[in-house]
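J.: Data: entry.cif, mmCIF, C-alpha atoms.
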data_protein
loop_
_atom_site.label_atom_id
_atom_site.label_comp_id
_atom_site.auth_asym_id
_atom_site.auth_seq_id
_atom_site.Cartn_x
_atom_site.Cartn_y
_atom_site.Cartn_z
CA MET A 271 117.33 63.57 87.69
CA THR A 272 120.54 65.53 88.04
CA LYS A 273 122.52 65.67 91.25
CA SER A 274 121.15 69.16 91.83
CA ILE A 275 117.59 67.76 91.78
CA ARG A 276 117.50 64.77 94.08
CA SER A 277 115.29 62.62 96.23
CA PHE A 278 115.43 62.28 100.00
CA LYS A 279 113.89 59.36 101.89
CA GLY A 280 112.02 58.31 98.76
CA MET A 281 110.52 61.77 98.11
CA GLN A 282 111.40 62.95 94.61
CA PRO A 283 111.00 66.61 93.56
CA LYS A 284 108.20 67.09 91.01
CA LEU A 285 108.58 69.69 88.30
CA GLY A 286 105.65 71.04 86.30
CA SER A 287 105.93 71.76 82.60
CA ASP A 288 108.62 74.13 81.35
CA VAL A 289 110.31 74.54 84.74
CA PHE A 290 113.87 75.87 84.72
CA VAL A 291 116.30 74.84 87.47
CA ASP A 292 119.79 76.23 87.06
CA ILE A 293 122.52 73.60 87.20
CA THR A 294 124.01 75.25 90.32
CA ALA A 295 120.70 75.28 92.20
CA THR A 296 119.77 72.44 94.57
CA VAL A 297 116.24 71.03 94.94
CA ILE A 298 115.84 68.19 97.45
CA GLY A 299 112.98 65.96 98.61
CA ASP A 300 109.28 66.74 98.90
CA VAL A 301 109.23 69.74 96.57
CA GLU A 302 106.76 70.58 93.81
CA LEU A 303 107.43 73.38 91.33
CA GLY A 304 104.51 74.67 89.25
CA ASP A 305 104.48 75.21 85.49
CA ASP A 306 106.73 77.94 84.07
CA SER A 307 108.57 78.49 87.36
CA SER A 308 112.30 79.18 87.57
CA VAL A 309 115.03 78.49 90.12
CA TRP A 310 118.15 80.59 89.58
CA PRO A 311 121.86 80.01 90.37
CA ASN A 312 122.97 78.87 93.83
CA THR A 313 119.45 78.64 95.23
CA VAL A 314 118.64 75.86 97.72
CA ILE A 315 115.11 74.46 98.06
CA ARG A 316 115.20 71.75 100.71
CA GLY A 317 112.04 69.75 101.44
CA ASP A 318 113.66 67.14 103.65
CA MET A 319 111.45 67.16 106.77
CA HIS A 320 108.23 68.69 105.42
CA LYS A 321 106.77 69.66 102.04
CA ILE A 322 107.50 72.65 99.84
CA ARG A 323 104.93 73.70 97.23
CA ILE A 324 105.71 76.43 94.72
CA GLY A 325 102.97 77.60 92.35
CA LYS A 326 102.98 78.54 88.67
CA ARG A 327 105.09 81.32 87.14
CA CYS A 328 107.23 81.78 90.25
CA SER A 329 110.82 83.01 90.14
CA ILE A 330 113.17 81.97 92.94
CA GLN A 331 116.21 84.14 92.36
CA ASP A 332 119.91 83.67 92.93
CA ALA A 333 121.22 82.38 96.27
CA SER A 334 117.80 82.21 97.94
CA ILE A 335 117.19 79.60 100.62
CA LEU A 336 113.80 77.90 100.98
CA HIS A 337 113.25 75.44 103.83
CA ILE A 338 110.55 74.14 106.16
CA THR A 339 109.89 73.86 109.88
CA HIS A 340 109.93 70.25 111.02
CA ALA A 341 107.34 68.79 113.38
CA SER A 342 108.44 68.41 117.00
CA ASP A 343 107.18 68.56 120.57
CA TYR A 344 107.84 72.30 120.37
CA ASN A 345 105.97 72.69 117.11
CA PRO A 346 103.45 69.89 116.51
CA GLY A 347 102.79 69.50 112.79
CA GLY A 348 105.63 71.80 111.78
CA TYR A 349 105.17 74.26 108.95
CA PRO A 350 105.45 73.46 105.26
CA LEU A 351 106.63 76.16 102.86
CA ILE A 352 103.87 77.19 100.46
CA LEU A 353 104.10 79.75 97.64
CA GLY A 354 101.12 80.67 95.47
CA ASP A 355 101.25 81.64 91.79
CA GLU A 356 103.27 84.52 90.31
CA VAL A 357 105.55 84.96 93.32
CA THR A 358 108.89 86.65 92.69
CA VAL A 359 111.51 85.91 95.34
CA GLY A 360 114.42 88.36 95.16
CA HIS A 361 118.10 87.48 95.34
CA MET A 362 119.35 85.98 98.61
CA ALA A 363 115.93 85.87 100.26
CA MET A 364 115.25 83.31 102.98
CA LEU A 365 111.81 81.70 103.34
CA HIS A 366 111.40 79.28 106.25
CA GLY A 367 108.20 77.34 106.99
CA CYS A 368 105.89 80.15 105.89
CA THR A 369 102.93 80.66 103.55
CA ILE A 370 103.08 83.13 100.68
CA GLY A 371 99.94 83.98 98.68
CA ASN A 372 99.54 84.75 94.97
CA GLN A 373 101.20 87.70 93.24
CA VAL A 374 103.74 88.57 95.92
CA LEU A 375 107.13 90.24 95.55
CA ILE A 376 109.71 89.30 98.18
CA GLY A 377 112.56 91.82 98.07
CA MET A 378 116.25 90.96 97.95
CA GLN A 379 117.68 89.60 101.22
CA ALA A 380 114.25 89.58 102.88
CA MET A 381 113.56 86.91 105.49
CA VAL A 382 110.16 85.34 106.22
CA MET A 383 110.09 83.11 109.30
CA ASP A 384 108.17 80.10 110.62
CA GLY A 385 104.39 80.27 110.56
CA ALA A 386 104.30 83.73 108.98
CA VAL A 387 101.66 84.36 106.31
CA ILE A 388 101.91 86.83 103.46
CA GLU A 389 98.52 87.26 101.83
CA ASP A 390 97.97 87.89 98.09
CA LYS A 391 99.28 91.03 96.35
CA VAL A 392 101.93 92.13 98.84
CA VAL A 393 105.33 93.74 98.31
CA LEU A 394 107.89 92.96 101.01
CA GLY A 395 110.80 95.39 100.75
CA ALA A 396 114.44 94.38 100.39
CA GLY A 397 116.12 93.37 103.65
CA SER A 398 112.83 93.13 105.56
CA LEU A 399 112.18 90.57 108.29
CA VAL A 400 108.77 88.97 108.82
CA PRO A 401 108.90 87.43 112.32
CA PRO A 402 107.36 84.06 113.21
CA GLY A 403 103.57 83.97 113.04
CA LYS A 404 103.10 87.50 111.63
CA VAL A 405 100.43 88.06 108.95
CA LEU A 406 100.97 90.63 106.18
CA GLN A 407 97.65 91.85 104.78
CA SER A 408 96.83 91.86 101.07
CA GLY A 409 97.36 94.97 98.98
CA HIS A 410 100.14 96.66 100.97
CA LEU A 411 103.85 97.46 100.98
CA TYR A 412 105.77 96.26 104.04
CA VAL A 413 109.34 97.20 104.95
CA GLY A 414 111.70 96.97 107.91
CA ARG A 415 113.06 94.62 110.56
CA PRO A 416 110.48 93.71 111.74
CA ALA A 417 108.31 94.38 108.69
CA LYS A 418 105.70 97.08 109.15
CA MET A 419 102.87 98.15 106.85
CA VAL A 420 103.86 101.34 105.02
CA ARG A 421 101.01 102.05 102.59
CA PRO A 422 98.51 100.52 100.16
CA LEU A 423 99.93 99.44 96.80
CA THR A 424 99.24 101.65 93.79
CA GLU A 425 97.44 100.42 90.68
CA LYS A 426 100.77 100.43 88.84
CA GLU A 427 102.36 98.28 91.55
CA LEU A 428 99.43 95.86 91.50
CA ALA A 429 99.85 95.45 87.72
CA TYR A 430 103.56 94.77 88.18
CA PHE A 431 103.03 91.30 89.68
CA SER A 432 101.87 89.74 86.39
CA TYR A 433 104.41 91.77 84.41
CA THR A 434 107.40 90.56 86.45
CA ALA A 435 106.13 86.96 86.44
CA GLY A 436 105.83 87.10 82.65
CA ASN A 437 109.26 88.68 82.33
CA TYR A 438 110.86 85.83 84.29
CA VAL A 439 108.96 83.24 82.25
CA LYS A 440 110.43 84.83 79.12
CA LEU A 441 113.94 84.91 80.64
CA LYS A 442 113.85 81.29 81.82
CA ASN A 443 112.64 80.25 78.35
CA GLU A 444 115.69 81.99 76.87
CA HIS A 445 117.94 80.15 79.33
CA MET A 446 116.27 76.83 78.50
CA GLU A 447 116.72 77.49 74.77
CA GLU A 448 120.38 78.33 75.35
CA GLU A 449 120.86 75.04 77.22
CA THR A 450 119.22 73.11 74.37
CA THR A 451 121.46 74.85 71.82
CA GLU A 452 124.60 74.09 73.86
CA VAL A 453 123.66 70.41 74.20
CA SER A 454 122.97 69.97 70.47
CA SER A 455 126.12 71.87 69.32
#
Could you take the file, read its structure, and then write that structure out as structure tokens?
T.:
Amino acid sequence: MTKSIRSFKGMQPKLGSDVFVDITATVIGDVELGDDSSVWPNTVIRGDMHKIRIGKRCSIQDASILHITHASDYNPGGYPLILGDEVTVGHMAMLHGCTIGNQVLIGMQAMVMDGAVIEDKVVLGAGSLVPPGKVLQSGHLYVGRPAKMVRPLTEKELAYFSYTAGNYVKLKNEHMEEETTEVSS
């Protein structure tokens, strides 16, 4: 493992097949990344006091921070960080001890706090804040600080989840090919 992917207290990150982790990203501890997922430059995924599980075909974009909520007297059990499949996390987003369903788009600089739940097929607008414990219902667009439901998603928006996941799989494959070419040159 590289220094950017490292164990903590005996917990080693586990990467599925064809996972791309940029050399400037940091992945620590009890973290699992599903097949065809990508972690882009300057992102930090830190599973040091609880687990982080990221599904298949997820894209964690540049400078995002993913962490957990540790167990304590104030929060028995803590909160792991769980992402389903085909989740796109925009640049500089912060996810902390929350649960994200399948086919979700987290906008740039959005923040999702401890114990919050975002159900499947949700768009969270750029810069939005999901406060602790809030649940965002499937099939809707949410925006604001705090995030509020704006409207149901259109058919075109619902189709976009698989499109964007596939687009980032293609892009990370190109980056992985470029790395292989550089190494063999």
J.: Using all atoms listed in the file, find the one residue out of A:Ala380, A:Val392, A:Ser307, A:Gly385 that sits nearest to Arg415 of chain A.
T.: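 Counting all atoms listed in the file, the residue closest to Arg415 of chain A is A:Ala380.
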J.: With distances taken over all atoms listed in the file, which of A:Ile352, A:Val393, A:Ala363, A:Ala341 is nearest to Leu375 of chain A?
T.: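 When distances to Leu375 of chain A are compared using all atoms listed in the file, the smallest one comes from A:Val393.
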J.: Please provide as a PyMOL selection string all residues within 12 Å of Ser342 of chain A, with the sequence filter that same-chain residues fewer than 4 positions apart are discarded (counting only C-alpha atoms).
T.: chain A and resi 319-320+346-349
J.: Using atom CA of Val400 of chain A and atom CA of Arg316 of chain A as the two end points, give the distance in Å to one decimal.
T.: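 Straight-line distance from atom CA of Val400 of chain A to atom CA of Arg316 of chain A works out to 20.1 Å.
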J.: Which residue out of A:Asn437, A:Ser329, A:Ser334, A:Gln407 has the minimum interatomic distance to Thr296 of chain A when only C-alpha atoms are used?
T.: A:Ser334
J.: Restrict the calculation to only C-alpha atoms, then for each residue of segment 324-401 of chain A with any atom at most 10 Å from an atom of segment 277-292 of chain A give the closest atom pair and their distance in Å to one decimal, rows by chain and rising residue number, as a Markdown table.
T.:
| residue | atom | partner | partner_atom | distance |
| --- | --- | --- | --- | --- |
| A:Ile324 | CA | A:Leu285 | CA | 9.7 |
| A:Gly325 | CA | A:Gly286 | CA | 9.3 |
| A:Lys326 | CA | A:Gly286 | CA | 8.3 |
| A:Arg327 | CA | A:Val289 | CA | 8.9 |
| A:Cys328 | CA | A:Val289 | CA | 9.6 |
| A:Ser329 | CA | A:Phe290 | CA | 9.5 |
| A:Ile330 | CA | A:Val291 | CA | 9.5 |
| A:Asp332 | CA | A:Asp292 | CA | 9.5 |
J.: Take the selection from the previous step and output its residues with C-alpha atoms, as a compact mmCIF listing (two decimals), in the coordinates of the input.
T.:
# COMPACT_ATOMS: atom_id res chain seq x y z
CA ILE A 324 105.71 76.43 94.72
CA GLY A 325 102.97 77.60 92.35
CA LYS A 326 102.98 78.54 88.67
CA ARG A 327 105.09 81.32 87.14
CA CYS A 328 107.23 81.78 90.25
CA SER A 329 110.82 83.01 90.14
CA ILE A 330 113.17 81.97 92.94
CA ASP A 332 119.91 83.67 92.93
J.: Determine the residue set returned by the PyMOL selection byres ((chain A and resi 387) around 10) for the present structure, and present it as a list in words.
T.: Ile352, Gly367, Cys368, Thr369, Ile370, Gly371, Val382, Met383, Asp384, Gly385, Ala386, Ile388, Glu389, Asp390, Val400, Pro401, Pro402, Gly403, Lys404, Val405, Leu406 and Gln407 of chain A
J.: Run the PyMOL selection byres ((chain A and resi 410) around 12) on the file and write out the hits as a short mmCIF file (atom, residue, chain, number, x, y, z; two decimals) with C-alpha atoms, in the frame of the given file.
T.:
data_model
loop_
_atom_site.label_atom_id
_atom_site.label_comp_id
_atom_site.auth_asym_id
_atom_site.auth_seq_id
_atom_site.Cartn_x
_atom_site.Cartn_y
_atom_site.Cartn_z
CA GLN A 373 101.20 87.70 93.24
CA VAL A 374 103.74 88.57 95.92
CA LEU A 375 107.13 90.24 95.55
CA ILE A 388 101.91 86.83 103.46
CA GLU A 389 98.52 87.26 101.83
CA ASP A 390 97.97 87.89 98.09
CA LYS A 391 99.28 91.03 96.35
CA VAL A 392 101.93 92.13 98.84
CA VAL A 393 105.33 93.74 98.31
CA LEU A 394 107.89 92.96 101.01
CA GLY A 395 110.80 95.39 100.75
CA VAL A 405 100.43 88.06 108.95
CA LEU A 406 100.97 90.63 106.18
CA GLN A 407 97.65 91.85 104.78
CA SER A 408 96.83 91.86 101.07
CA GLY A 409 97.36 94.97 98.98
CA LEU A 411 103.85 97.46 100.98
CA TYR A 412 105.77 96.26 104.04
CA VAL A 413 109.34 97.20 104.95
CA ALA A 417 108.31 94.38 108.69
CA LYS A 418 105.70 97.08 109.15
CA MET A 419 102.87 98.15 106.85
CA VAL A 420 103.86 101.34 105.02
CA ARG A 421 101.01 102.05 102.59
CA PRO A 422 98.51 100.52 100.16
CA LEU A 423 99.93 99.44 96.80
CA THR A 424 99.24 101.65 93.79
CA GLU A 425 97.44 100.42 90.68
CA GLU A 427 102.36 98.28 91.55
CA LEU A 428 99.43 95.86 91.50
#
J.: Just to confirm, what's the straight-line distance from atom CA of Ser274 of chain A to atom CA of His340 of chain A in Å (one decimal)?
T.: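 About the pair atom CA of Ser274 of chain A and atom CA of His340 of chain A: they are 22.3 Å apart.
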J.: Taking into account all atoms listed in the file, which residue in the set A:Val439, A:Ile275, A:Ala333, A:Ile293 is nearest to Gly317 of chain A?
T.: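 With all atoms listed in the file as the atom set, the closest residue is A:Ile275.
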J.: Could you complete segment 286-297 of chain A so that it carries all heavy atoms, and give it back as a compact mmCIF listing (two decimals), keeping the file's coordinate frame?
T.:
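Writing done, so here's rebuild.txt:
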# COMPACT_ATOMS: atom_id res chain seq x y z
N GLY A 286 106.71 70.85 87.28
CA GLY A 286 105.65 71.04 86.30
C GLY A 286 106.26 71.22 84.92
O GLY A 286 107.47 71.06 84.72
N SER A 287 105.43 71.60 83.96
CA SER A 287 105.93 71.76 82.60
C SER A 287 106.74 73.06 82.47
O SER A 287 106.42 74.06 83.11
CB SER A 287 104.78 71.73 81.59
OG SER A 287 103.94 72.83 81.77
N ASP A 288 107.78 72.97 81.67
CA ASP A 288 108.62 74.13 81.35
C ASP A 288 109.22 74.81 82.58
O ASP A 288 109.32 76.04 82.64
CB ASP A 288 107.85 75.15 80.50
CG ASP A 288 107.44 74.57 79.16
OD1 ASP A 288 108.28 73.89 78.52
OD2 ASP A 288 106.29 74.79 78.74
N VAL A 289 109.64 74.02 83.55
CA VAL A 289 110.31 74.54 84.74
C VAL A 289 111.81 74.60 84.47
O VAL A 289 112.39 73.66 83.92
CB VAL A 289 110.02 73.66 85.98
CG1 VAL A 289 110.91 74.03 87.16
CG2 VAL A 289 108.55 73.78 86.37
N PHE A 290 112.43 75.70 84.86
CA PHE A 290 113.87 75.87 84.72
C PHE A 290 114.52 75.81 86.10
O PHE A 290 114.15 76.56 87.00
CB PHE A 290 114.19 77.22 84.07
CG PHE A 290 115.65 77.58 84.10
CD1 PHE A 290 116.56 76.94 83.27
CD2 PHE A 290 116.12 78.57 84.95
CE1 PHE A 290 117.91 77.26 83.29
CE2 PHE A 290 117.47 78.91 84.98
CZ PHE A 290 118.37 78.25 84.15
N VAL A 291 115.49 74.90 86.26
CA VAL A 291 116.30 74.84 87.47
C VAL A 291 117.75 74.96 87.04
O VAL A 291 118.26 74.08 86.33
CB VAL A 291 116.07 73.52 88.26
CG1 VAL A 291 116.98 73.47 89.48
CG2 VAL A 291 114.60 73.38 88.68
N ASP A 292 118.39 76.03 87.43
CA ASP A 292 119.79 76.23 87.06
C ASP A 292 120.63 75.07 87.58
O ASP A 292 120.36 74.52 88.65
CB ASP A 292 120.30 77.55 87.65
CG ASP A 292 121.70 77.85 87.18
OD1 ASP A 292 121.85 78.41 86.08
OD2 ASP A 292 122.66 77.52 87.91
N ILE A 293 121.67 74.73 86.84
CA ILE A 293 122.52 73.60 87.20
C ILE A 293 123.20 73.78 88.56
O ILE A 293 123.54 72.81 89.22
CB ILE A 293 123.56 73.33 86.08
CG1 ILE A 293 124.23 71.98 86.29
CG2 ILE A 293 124.57 74.47 85.98
CD1 ILE A 293 124.99 71.48 85.09
N THR A 294 123.37 75.01 89.01
CA THR A 294 124.01 75.25 90.32
C THR A 294 123.01 75.31 91.47
O THR A 294 123.41 75.41 92.62
CB THR A 294 124.82 76.56 90.31
OG1 THR A 294 123.92 77.66 90.13
CG2 THR A 294 125.87 76.55 89.21
N ALA A 295 121.73 75.28 91.16
CA ALA A 295 120.70 75.28 92.20
C ALA A 295 120.54 73.86 92.74
O ALA A 295 120.89 72.88 92.08
CB ALA A 295 119.37 75.78 91.64
N THR A 296 120.00 73.74 93.96
CA THR A 296 119.77 72.44 94.57
C THR A 296 118.32 72.34 95.01
O THR A 296 117.83 73.22 95.73
CB THR A 296 120.70 72.25 95.80
OG1 THR A 296 122.05 72.43 95.38
CG2 THR A 296 120.54 70.87 96.40
N VAL A 297 117.64 71.29 94.58
CA VAL A 297 116.24 71.03 94.94
C VAL A 297 116.19 69.61 95.49
O VAL A 297 116.53 68.66 94.79
CB VAL A 297 115.30 71.18 93.72
CG1 VAL A 297 113.86 70.92 94.13
CG2 VAL A 297 115.46 72.57 93.09
